[in-house]
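Worksheet: one structure, shown below.
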Amino acid sequence: MNDDLTLIHEGLSDDGVFVHPDLAGQFSADDLAAITEQVAASDTPVFVVAWPLATNDAYAGKAADLLTRLHAQHPEPGQYLSTTQFLGSPGYGGIQLEGRQWGLPPAPDGEMDYELLGTVNMTDHETLGAAFRQATELLGTDPAALTRTYEKTVAERNAEYRTEQEATSRPGPGDDPDLTGLLVAALIVTVVGAVVWNRITRWRSRSERRRVKADRPYVLPASAVVRIREARHRELGRTADAEVLALGEAIDDAEIGATDATASWQAALDHYDAAKQVLRRRATGRGEAPDGMAGVLDVVGALVLARRGRQALADARAGRAFTPGPVCFLNPLHDTPTGTHDVESGGRRLQVPLCKACRAALRAGREPETLDVERRGEPVHYFDSGVEPWASTGYGALQPDLVTALHGRR
């Protein structure tokens, strides 16, 4: 191991870039030239380490472990970028980077800016060189511009997800024509049911018919399509595994002092343990619902828990109390809620937090993109699935303490 670290350090001493021979084919000459130029132009020291990590190697496949050991043996301040072991395919869960920084006040030692890494890791890269090239370009971006880039990337990924949902909902050439007719009929009923009356006058203008009155709940129609198909199951599973692993690495690397918020630190640990428990339950099939509903809903639950664990860890580092962030009730994979709205489903009337897209859909009288699964061959909203603790808590939208709810369902 020490020989590895010495080799990397010697390679970095020249131009700040080390590429292992096994990964050389991932870097074009243009990529290397651009990366080297951007590293040299950086206001702070930058080190790029392309190392072929593997689960059973000396670093347990963890970039954080490799970089931490490298810095401990050769303690030079700077920002360190490295590979992860997820190199199987382009896209999220495929080519990804990890980063650590030391000795760059006022920034704390430890994980690099999540917006930078998040932007790179949510972008489809055909090669590792392209990923490093984007990362080193973003290192020179001012914080406001980086935030805008990150938010744009998140919005694009969400748009892609919604497009995938719509594509999987459309019947193929060989689909049953009777089922197609039923789907069309269900959508027509949904549109007709969206027309609303004006509470002040009985005059119904075109613009007013597109609004949902605040004092009447939106009645969610029965699911017309299965929005999450097998390909999406697999993608979500890879994402959940990666995010839970990343949370564990961040916790391992965290340096929490006596003055930090100990309750927030404990919350980070609790959410990490809960997310691992959920993924184990998925892997073993314990508590499986008909047609595998519990599997995909557990994957979404693990994602929510991992992201809350990240929030708790950030609060602990900042010395703040942790309060779980809200999620969109209709689909916890959507953006952060921007308000609440009354909805009705299964005879229940609820005021729930919703994201901007779902609220806009309701105002326009359209069916929002709800997280649906398949039960005995039929689509069903997740909150009507009976799979716990997700159905009754709305993934935290109705009951914020997901960890306690999960333990209560053991």
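A note on labels: chains of the structure tokens are A, B, ... as shown, every chain counts residues from 1, and ligands are counted from 1 in their shown order.
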
### Task
Determine, counting only C-alpha atoms, which protein, DNA and RNA residues have an atom within 9 Å of an atom of Val49 (chain A); residues of the same chain fewer than 3 positions away are not included. Present the result as a list in words.
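With the cut-off at 9 Å, the set is Ile8, Leu12, Gly16, Val17, Phe18, Val19, His20, Leu67, Tyr80, Leu81, Ser82 and Thr83 of chain A.
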
### Task
Return as a count of residues only the full set of residues in region 230-381 of chain A whose backbone-based DSSP assignment is alpha helix (DSSP H).
81

### Query
Which neighbours of Ala397 (chain A) fall inside 7 Å, counting only C-alpha atoms, when residues of the same chain fewer than 4 positions from it are skipped, and could you give them as a PyMOL selection string?
chain A and resi 326-329+352-353+393

### Query
What does the distance between CA of Glu126 (chain A) and CA of Ala246 (chain A) come to in Å, to one decimal place?
22.0 Å

### Task
For Thr153 (chain A), please output as a list in words all residues within 10 Å (counting only C-alpha atoms; exclusion window: fewer than 2 positions along the same chain).
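In the requested format, the answer is Glu115, Gly118, Thr119, Val120, Asn121, Met122, Thr123, Thr147, Arg148, Thr149, Tyr150, Glu151, Ala155, Glu156, Arg157, Asn158 and Ala159 of chain A.
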
Hey, what's within 7 Å of region 131-136 of chain A if we count only C-alpha atoms and toss same-chain stuff fewer than 4 positions away? As an mmCIF file with C-alpha atoms, in the first residue's frame, please?
data_model
loop_
_atom_site.group_PDB
_atom_site.id
_atom_site.type_symbol
_atom_site.label_atom_id
_atom_site.label_comp_id
_atom_site.auth_asym_id
_atom_site.auth_seq_id
_atom_site.Cartn_x
_atom_site.Cartn_y
_atom_site.Cartn_z
ATOM 1 C CA ASP A 31 -8.629 15.560 -21.856
ATOM 2 C CA ALA A 34 -7.248 20.402 -20.450
ATOM 3 C CA ILE A 35 -7.114 18.798 -16.996
ATOM 4 C CA GLN A 38 -6.975 23.675 -15.313
ATOM 5 C CA VAL A 39 -5.054 22.185 -12.381
ATOM 6 C CA LEU A 116 -19.426 20.248 -7.637
ATOM 7 C CA VAL A 120 -20.271 15.788 -12.225
ATOM 8 C CA HIS A 125 -19.805 10.822 -19.160
ATOM 9 C CA THR A 127 -15.054 8.354 -20.263
#

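In terms of minimum interatomic distance to Gly325 (chain A), A:Asp401 ranks closest within A:Glu160, A:Asp401, A:Glu235, A:Glu111, counting only C-alpha atoms.
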
### Task
Can you pull out every residue within 9 Å of Asp335 (chain A), counting only C-alpha atoms, but drop anything in the same chain fewer than 2 positions away, and send it as a list in words?
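Residues meeting the cut-off are Val154, Ala155, Asn158, Val327, Cys328, Asn331, Pro332, Leu333, Pro337, Thr338, Leu354, Cys355, Lys356 and Ala357 of chain A.
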
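Between CA of Glu255 (chain A) and CA of Gln277 (chain A) the separation is 24.5 Å.
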